[in-house]
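Undergrad: The file below is coords_32.pdb, PDB, C-alpha atoms:
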```pdb
ATOM      1  CA  MET X  11     -18.260  13.485   0.677  1.00  0.00           C
ATOM      2  CA  LYS X  12     -14.931  15.178   1.496  1.00  0.00           C
ATOM      3  CA  ARG X  13     -15.351  14.332   5.168  1.00  0.00           C
ATOM      4  CA  ILE X  14     -15.789  10.627   4.361  1.00  0.00           C
ATOM      5  CA  ILE X  15     -12.807  10.693   1.966  1.00  0.00           C
ATOM      6  CA  PHE X  16     -10.454  12.293   4.460  1.00  0.00           C
ATOM      7  CA  SER X  17     -11.584  10.443   7.570  1.00  0.00           C
ATOM      8  CA  TYR X  18     -11.672   6.967   6.019  1.00  0.00           C
ATOM      9  CA  GLY X  19      -8.519   7.612   3.984  1.00  0.00           C
ATOM     10  CA  ALA X  20      -6.654   8.873   7.043  1.00  0.00           C
ATOM     11  CA  LEU X  21      -7.811   5.903   9.103  1.00  0.00           C
ATOM     12  CA  ALA X  22      -6.747   3.421   6.403  1.00  0.00           C
ATOM     13  CA  GLY X  23      -3.383   5.177   6.079  1.00  0.00           C
ATOM     14  CA  ALA X  24      -2.911   5.149   9.850  1.00  0.00           C
ATOM     15  CA  ILE X  25      -3.605   1.412  10.011  1.00  0.00           C
ATOM     16  CA  VAL X  26      -1.040   0.687   7.306  1.00  0.00           C
ATOM     17  CA  ILE X  27       1.528   2.987   8.921  1.00  0.00           C
ATOM     18  CA  SER X  28       0.958   1.494  12.379  1.00  0.00           C
ATOM     19  CA  SER X  29       1.488  -2.009  11.082  1.00  0.00           C
ATOM     20  CA  MET X  30       4.579  -0.853   9.183  1.00  0.00           C
ATOM     21  CA  ILE X  31       6.061   0.682  12.337  1.00  0.00           C
ATOM     22  CA  LEU X  32       5.184  -2.420  14.343  1.00  0.00           C
ATOM     23  CA  GLY X  33       6.775  -4.642  11.704  1.00  0.00           C
ATOM     24  CA  PHE X  34       9.992  -2.629  11.668  1.00  0.00           C
ATOM     25  CA  SER X  35      10.199  -2.548  15.447  1.00  0.00           C
ATOM     26  CA  LEU X  36       9.704  -6.311  15.746  1.00  0.00           C
ATOM     27  CA  GLY X  37      12.219  -7.044  12.997  1.00  0.00           C
ATOM     28  CA  ASP X  38      12.001  -9.166   9.903  1.00  0.00           C
ATOM     29  CA  ALA X  39      12.421 -12.784  10.854  1.00  0.00           C
ATOM     30  CA  GLN X  40      10.429 -14.173   7.928  1.00  0.00           C
ATOM     31  CA  GLY X  41      12.390 -12.625   5.053  1.00  0.00           C
ATOM     32  CA  VAL X  42      11.563 -10.184   2.297  1.00  0.00           C
ATOM     33  CA  SER X  43       8.936 -12.281   0.518  1.00  0.00           C
ATOM     34  CA  ALA X  44       6.929 -13.069   3.628  1.00  0.00           C
ATOM     35  CA  SER X  45       6.996  -9.449   4.798  1.00  0.00           C
ATOM     36  CA  GLN X  46       5.757  -8.289   1.376  1.00  0.00           C
ATOM     37  CA  TRP X  47       2.809 -10.684   1.539  1.00  0.00           C
ATOM     38  CA  LEU X  48       2.022  -9.599   5.077  1.00  0.00           C
ATOM     39  CA  GLY X  49       2.259  -5.960   4.021  1.00  0.00           C
ATOM     40  CA  TYR X  50      -0.225  -6.456   1.187  1.00  0.00           C
ATOM     41  CA  LEU X  51      -2.560  -8.370   3.474  1.00  0.00           C
ATOM     42  CA  ILE X  52      -2.505  -5.479   5.942  1.00  0.00           C
ATOM     43  CA  MET X  53      -3.121  -3.032   3.088  1.00  0.00           C
ATOM     44  CA  LEU X  54      -6.094  -5.116   1.999  1.00  0.00           C
ATOM     45  CA  VAL X  55      -7.547  -5.105   5.503  1.00  0.00           C
ATOM     46  CA  ALA X  56      -6.922  -1.381   6.016  1.00  0.00           C
ATOM     47  CA  LEU X  57      -8.292  -0.442   2.607  1.00  0.00           C
ATOM     48  CA  SER X  58     -11.466  -2.384   3.281  1.00  0.00           C
ATOM     49  CA  LEU X  59     -12.433   0.927   4.871  1.00  0.00           C
ATOM     50  CA  ILE X  60     -13.114   2.049   1.288  1.00  0.00           C
ATOM     51  CA  PHE X  61     -16.046  -0.339   1.204  1.00  0.00           C
ATOM     52  CA  LEU X  62     -17.263   0.882   4.584  1.00  0.00           C
ATOM     53  CA  GLY X  63     -16.898   4.537   3.588  1.00  0.00           C
ATOM     54  CA  ILE X  64     -18.873   4.080   0.377  1.00  0.00           C
ATOM     55  CA  LYS X  65     -21.573   2.135   2.213  1.00  0.00           C
ATOM     56  CA  ARG X  66     -21.844   4.744   4.931  1.00  0.00           C
ATOM     57  CA  TYR X  67     -22.145   7.550   2.377  1.00  0.00           C
ATOM     58  CA  ARG X  68     -24.748   5.575   0.413  1.00  0.00           C
ATOM     59  CA  ASP X  69     -26.815   4.760   3.474  1.00  0.00           C
ATOM     60  CA  ARG X  70     -26.600   8.014   5.435  1.00  0.00           C
ATOM     61  CA  GLN X  71     -26.282  10.759   2.833  1.00  0.00           C
ATOM     62  CA  LEU X  72     -27.950   9.244  -0.216  1.00  0.00           C
ATOM     63  CA  GLY X  73     -30.818   7.305   1.313  1.00  0.00           C
ATOM     64  CA  GLY X  74     -29.500   3.856   0.406  1.00  0.00           C
ATOM     65  CA  VAL X  75     -28.850   4.443  -3.317  1.00  0.00           C
ATOM     66  CA  ILE X  76     -25.529   5.334  -4.953  1.00  0.00           C
ATOM     67  CA  LYS X  77     -24.471   5.501  -8.590  1.00  0.00           C
ATOM     68  CA  PHE X  78     -21.373   3.635  -9.737  1.00  0.00           C
ATOM     69  CA  GLY X  79     -19.585   6.871 -10.684  1.00  0.00           C
ATOM     70  CA  THR X  80     -20.191   8.491  -7.308  1.00  0.00           C
ATOM     71  CA  ALA X  81     -19.042   5.363  -5.489  1.00  0.00           C
ATOM     72  CA  LEU X  82     -15.982   5.167  -7.751  1.00  0.00           C
ATOM     73  CA  LEU X  83     -14.996   8.780  -7.042  1.00  0.00           C
ATOM     74  CA  LEU X  84     -15.504   8.310  -3.319  1.00  0.00           C
ATOM     75  CA  GLY X  85     -13.422   5.128  -3.258  1.00  0.00           C
ATOM     76  CA  LEU X  86     -10.665   6.681  -5.368  1.00  0.00           C
ATOM     77  CA  GLY X  87     -10.549   9.653  -3.008  1.00  0.00           C
ATOM     78  CA  ILE X  88     -10.164   7.390   0.011  1.00  0.00           C
ATOM     79  CA  SER X  89      -7.487   5.376  -1.828  1.00  0.00           C
ATOM     80  CA  ILE X  90      -5.538   8.482  -2.780  1.00  0.00           C
ATOM     81  CA  VAL X  91      -5.587   9.891   0.748  1.00  0.00           C
ATOM     82  CA  ALA X  92      -4.459   6.563   2.240  1.00  0.00           C
ATOM     83  CA  SER X  93      -1.760   6.196  -0.436  1.00  0.00           C
ATOM     84  CA  LEU X  94      -0.414   9.707   0.131  1.00  0.00           C
ATOM     85  CA  ILE X  95      -0.253   9.096   3.873  1.00  0.00           C
ATOM     86  CA  TYR X  96       1.605   5.841   3.189  1.00  0.00           C
ATOM     87  CA  VAL X  97       4.101   7.572   0.879  1.00  0.00           C
ATOM     88  CA  THR X  98       4.673  10.373   3.383  1.00  0.00           C
ATOM     89  CA  ALA X  99       5.257   7.925   6.233  1.00  0.00           C
ATOM     90  CA  TRP X 100       7.619   5.843   4.100  1.00  0.00           C
ATOM     91  CA  GLU X 101       9.645   8.915   3.173  1.00  0.00           C
ATOM     92  CA  ALA X 102       9.800   9.929   6.840  1.00  0.00           C
ATOM     93  CA  TYR X 103      10.994   6.440   7.753  1.00  0.00           C
ATOM     94  CA  LEU X 104      13.672   6.532   5.055  1.00  0.00           C
ATOM     95  CA  SER X 105      14.827   9.949   6.220  1.00  0.00           C
ATOM     96  CA  LEU X 106      14.984   8.881   9.866  1.00  0.00           C
ATOM     97  CA  THR X 107      17.020   5.785   8.983  1.00  0.00           C
ATOM     98  CA  ASP X 108      19.359   7.664   6.630  1.00  0.00           C
ATOM     99  CA  TYR X 109      17.945   5.729   3.641  1.00  0.00           C
ATOM    100  CA  ALA X 110      19.468   2.459   4.886  1.00  0.00           C
ATOM    101  CA  PHE X 111      16.480   0.411   3.709  1.00  0.00           C
ATOM    102  CA  ILE X 112      17.674  -0.056   0.133  1.00  0.00           C
ATOM    103  CA  ASP X 113      21.127  -1.281   1.214  1.00  0.00           C
ATOM    104  CA  ASP X 114      19.566  -3.727   3.677  1.00  0.00           C
ATOM    105  CA  TYR X 115      17.093  -4.861   1.029  1.00  0.00           C
ATOM    106  CA  ALA X 116      19.859  -5.464  -1.529  1.00  0.00           C
ATOM    107  CA  GLN X 117      21.934  -7.433   0.987  1.00  0.00           C
ATOM    108  CA  THR X 118      18.913  -9.542   1.936  1.00  0.00           C
ATOM    109  CA  VAL X 119      18.123 -10.353  -1.700  1.00  0.00           C
ATOM    110  CA  VAL X 120      21.752 -11.298  -2.471  1.00  0.00           C
ATOM    111  CA  ALA X 121      21.906 -13.494   0.641  1.00  0.00           C
ATOM    112  CA  ALA X 122      18.650 -15.190  -0.378  1.00  0.00           C
ATOM    113  CA  LYS X 123      20.006 -15.847  -3.874  1.00  0.00           C
ATOM    114  CA  GLU X 124      23.181 -17.321  -2.381  1.00  0.00           C
ATOM    115  CA  ALA X 125      21.094 -19.542  -0.119  1.00  0.00           C
ATOM    116  CA  GLU X 126      19.206 -20.749  -3.210  1.00  0.00           C
ATOM    117  CA  GLY X 127      22.537 -21.857  -4.679  1.00  0.00           C
ATOM    118  CA  LEU X 128      23.176 -18.984  -7.069  1.00  0.00           C
ATOM    119  CA  ALA X 129      26.915 -18.367  -7.480  1.00  0.00           C
ATOM    120  CA  GLY X 130      29.548 -16.965  -9.787  1.00  0.00           C
ATOM    121  CA  ALA X 131      28.552 -14.817 -12.735  1.00  0.00           C
ATOM    122  CA  GLU X 132      24.817 -15.268 -12.097  1.00  0.00           C
ATOM    123  CA  LEU X 133      25.162 -13.941  -8.558  1.00  0.00           C
ATOM    124  CA  GLU X 134      27.290 -11.038  -9.788  1.00  0.00           C
ATOM    125  CA  ALA X 135      24.658 -10.215 -12.418  1.00  0.00           C
ATOM    126  CA  GLU X 136      21.964 -10.195  -9.743  1.00  0.00           C
ATOM    127  CA  ALA X 137      24.122  -7.953  -7.538  1.00  0.00           C
ATOM    128  CA  ALA X 138      24.675  -5.594 -10.504  1.00  0.00           C
ATOM    129  CA  LYS X 139      20.904  -5.378 -11.089  1.00  0.00           C
ATOM    130  CA  LEU X 140      20.422  -4.496  -7.441  1.00  0.00           C
ATOM    131  CA  GLU X 141      23.119  -1.807  -7.623  1.00  0.00           C
ATOM    132  CA  SER X 142      21.320  -0.288 -10.599  1.00  0.00           C
ATOM    133  CA  PHE X 143      18.051  -0.430  -8.672  1.00  0.00           C
ATOM    134  CA  LYS X 144      19.697   1.266  -5.672  1.00  0.00           C
ATOM    135  CA  GLU X 145      20.779   4.154  -7.913  1.00  0.00           C
ATOM    136  CA  GLN X 146      17.237   4.510  -9.265  1.00  0.00           C
ATOM    137  CA  TYR X 147      15.751   4.296  -5.767  1.00  0.00           C
ATOM    138  CA  ALA X 148      17.931   7.198  -4.621  1.00  0.00           C
ATOM    139  CA  ASN X 149      15.999   9.430  -7.040  1.00  0.00           C
ATOM    140  CA  PRO X 150      12.751  10.686  -5.431  1.00  0.00           C
ATOM    141  CA  MET X 151      11.142  11.014  -8.871  1.00  0.00           C
ATOM    142  CA  PHE X 152      11.473   7.220  -9.139  1.00  0.00           C
ATOM    143  CA  ARG X 153      10.910   6.310  -5.488  1.00  0.00           C
ATOM    144  CA  LEU X 154       7.783   8.370  -4.732  1.00  0.00           C
ATOM    145  CA  PRO X 155       5.608   7.057  -7.593  1.00  0.00           C
ATOM    146  CA  MET X 156       6.915   3.557  -6.971  1.00  0.00           C
ATOM    147  CA  THR X 157       5.897   3.766  -3.307  1.00  0.00           C
ATOM    148  CA  PHE X 158       2.491   5.197  -4.275  1.00  0.00           C
ATOM    149  CA  LEU X 159       1.983   2.275  -6.673  1.00  0.00           C
ATOM    150  CA  GLU X 160       2.628  -0.229  -3.902  1.00  0.00           C
ATOM    151  CA  ILE X 161      -0.659   0.623  -2.199  1.00  0.00           C
ATOM    152  CA  PHE X 162      -2.882   2.435  -4.701  1.00  0.00           C
ATOM    153  CA  PRO X 163      -3.703  -0.588  -6.952  1.00  0.00           C
ATOM    154  CA  VAL X 164      -4.999  -2.454  -3.897  1.00  0.00           C
ATOM    155  CA  GLY X 165      -7.292   0.484  -3.147  1.00  0.00           C
ATOM    156  CA  LEU X 166      -8.347   0.671  -6.786  1.00  0.00           C
ATOM    157  CA  LEU X 167      -9.395  -2.992  -6.807  1.00  0.00           C
ATOM    158  CA  ILE X 168     -11.376  -2.581  -3.597  1.00  0.00           C
ATOM    159  CA  THR X 169     -12.958   0.594  -4.993  1.00  0.00           C
ATOM    160  CA  LEU X 170     -14.086  -1.163  -8.178  1.00  0.00           C
ATOM    161  CA  LEU X 171     -15.496  -4.069  -6.214  1.00  0.00           C
ATOM    162  CA  ALA X 172     -17.262  -1.832  -3.696  1.00  0.00           C
ATOM    163  CA  ALA X 173     -18.668   0.500  -6.368  1.00  0.00           C
ATOM    164  CA  THR X 174     -19.979  -2.476  -8.333  1.00  0.00           C
ATOM    165  CA  LEU X 175     -21.603  -4.154  -5.339  1.00  0.00           C
ATOM    166  CA  LEU X 176     -22.908  -1.121  -3.473  1.00  0.00           C
ATOM    167  CA  ARG X 177     -24.621   0.473  -6.496  1.00  0.00           C
ATOM    168  CA  LYS X 178     -27.255  -2.208  -5.998  1.00  0.00           C
ATOM    169  CA  SER X 179     -29.493  -0.835  -3.278  1.00  0.00           C
ATOM    170  CA  ASN X 180     -30.572  -4.323  -2.222  1.00  0.00           C
ATOM    171  CA  PHE X 181     -26.919  -5.310  -1.481  1.00  0.00           C
ATOM    172  CA  MET X 182     -26.377  -4.851   2.262  1.00  0.00           C
ATOM    173  CA  PRO X 183     -29.281  -2.421   2.758  1.00  0.00           C
ATOM    174  CA  ALA X 184     -29.103   0.090   5.594  1.00  0.00           C
TER     175      ALA X 184
END
```
Would you encode the structure as structure tokens?
TA:
Amino acid sequence: MKRIIFSYGALAGAIVISSMILGFSLGDAQGVSASQWLGYLIMLVALSLIFLGIKRYRDRQLGGVIKFGTALLLGLGISIVASLIYVTAWEAYLSLTDYAFIDDYAQTVVAAKEAEGLAGAELEAEAAKLESFKEQYANPMFRLPMTFLEIFPVGLLITLLAATLLRKSNFMPA
């Protein structure tokens, strides 16, 4: 089971990281919101390996039958490995770019609010919120769990779905 967890988790993490690197190298022409949606879509595709890992374990090691609890543990393991790889890669990226992401993000959000017509005290309040967020983001005890929680819930949802479906031996038999 450990082999499946680490291999499928590492592969899912590598897919997410590769797309992240590709996205940063190509630039962000679509804006923050569009890149977030694209990022979650890529996470969803990469973490579909959870389903494949559980199915492979069910079919090859367990003779086509798996209990919900076993499938849940397997899926959670894959999710955790992929999430930890994602967090590690994100921290490496931040370190390599001298933590410039949060300043760029704040500037992008303020510019988007200005483009929406926000001005005066409302714009200043939004900028103040972002400054507070930047201070929090500088703290690794805030940033690391926050980064982990960007990807892990997606893996958790896929795990629950896969464990529910694959516990039925007649669902996608070997």
Undergrad: Tell me which of X:Glu136, X:Ala131, X:Arg13, X:Leu36 sits closest to X:Gln117, counting all atoms listed in the file.
TA: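 Smallest separation from X:Gln117 among the options: X:Glu136.
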Undergrad: Quick check on the file I pasted: which residues fall under the PyMOL selection byres ((chain X and resi 19-24) around 9)? Write them as a PyMOL selection string.
TA: chain X and resi 14-18+25-29+53+55-60+63+87-96
Undergrad: Identify the residues within 10 Å of coordinate (-20.3, 4.0, 1.3) (same frame as the file), considering only C-alpha atoms, and give the answer as a list of chain:residue names.
TA: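 Neighbouring residues, ordered by chain and number, come to X:Met11, X:Ile14, X:Leu59, X:Ile60, X:Phe61, X:Leu62, X:Gly63, X:Ile64, X:Lys65, X:Arg66, X:Tyr67, X:Arg68, X:Asp69, X:Arg70, X:Gln71, X:Leu72, X:Gly74, X:Val75, X:Ile76, X:Thr80, X:Ala81, X:Leu84, X:Gly85, X:Ala172, X:Ala173, X:Leu176, X:Arg177.
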Undergrad: Could you state the separation of atom CA of X:Thr118 and atom CA of X:Gly165 in Å, given to one decimal place?
TA: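 Those two atoms sit 28.5 Å apart.
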Undergrad: With all atoms of stretch 132-136 of chain X from the file as input, state the centre and edge lengths in Å to one decimal of the axis-aligned box that has 3 Å extra on each side, as JSON.
TA:
```
{"center_x": 24.6, "center_y": -12.7, "center_z": -10.5, "size_x": 11.3, "size_y": 11.1, "size_z": 9.9}
```
Undergrad: At what distance in Å, to one decimal, does atom CA of X:Gly79 lie from atom CA of X:Val164?
TA: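 A separation of 18.6 Å between them.
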Undergrad: How many Å separate atom CA of X:Thr157 from atom CA of X:Trp100?
TA: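 Atom CA of X:Trp100 lies 7.9 Å from atom CA of X:Thr157.
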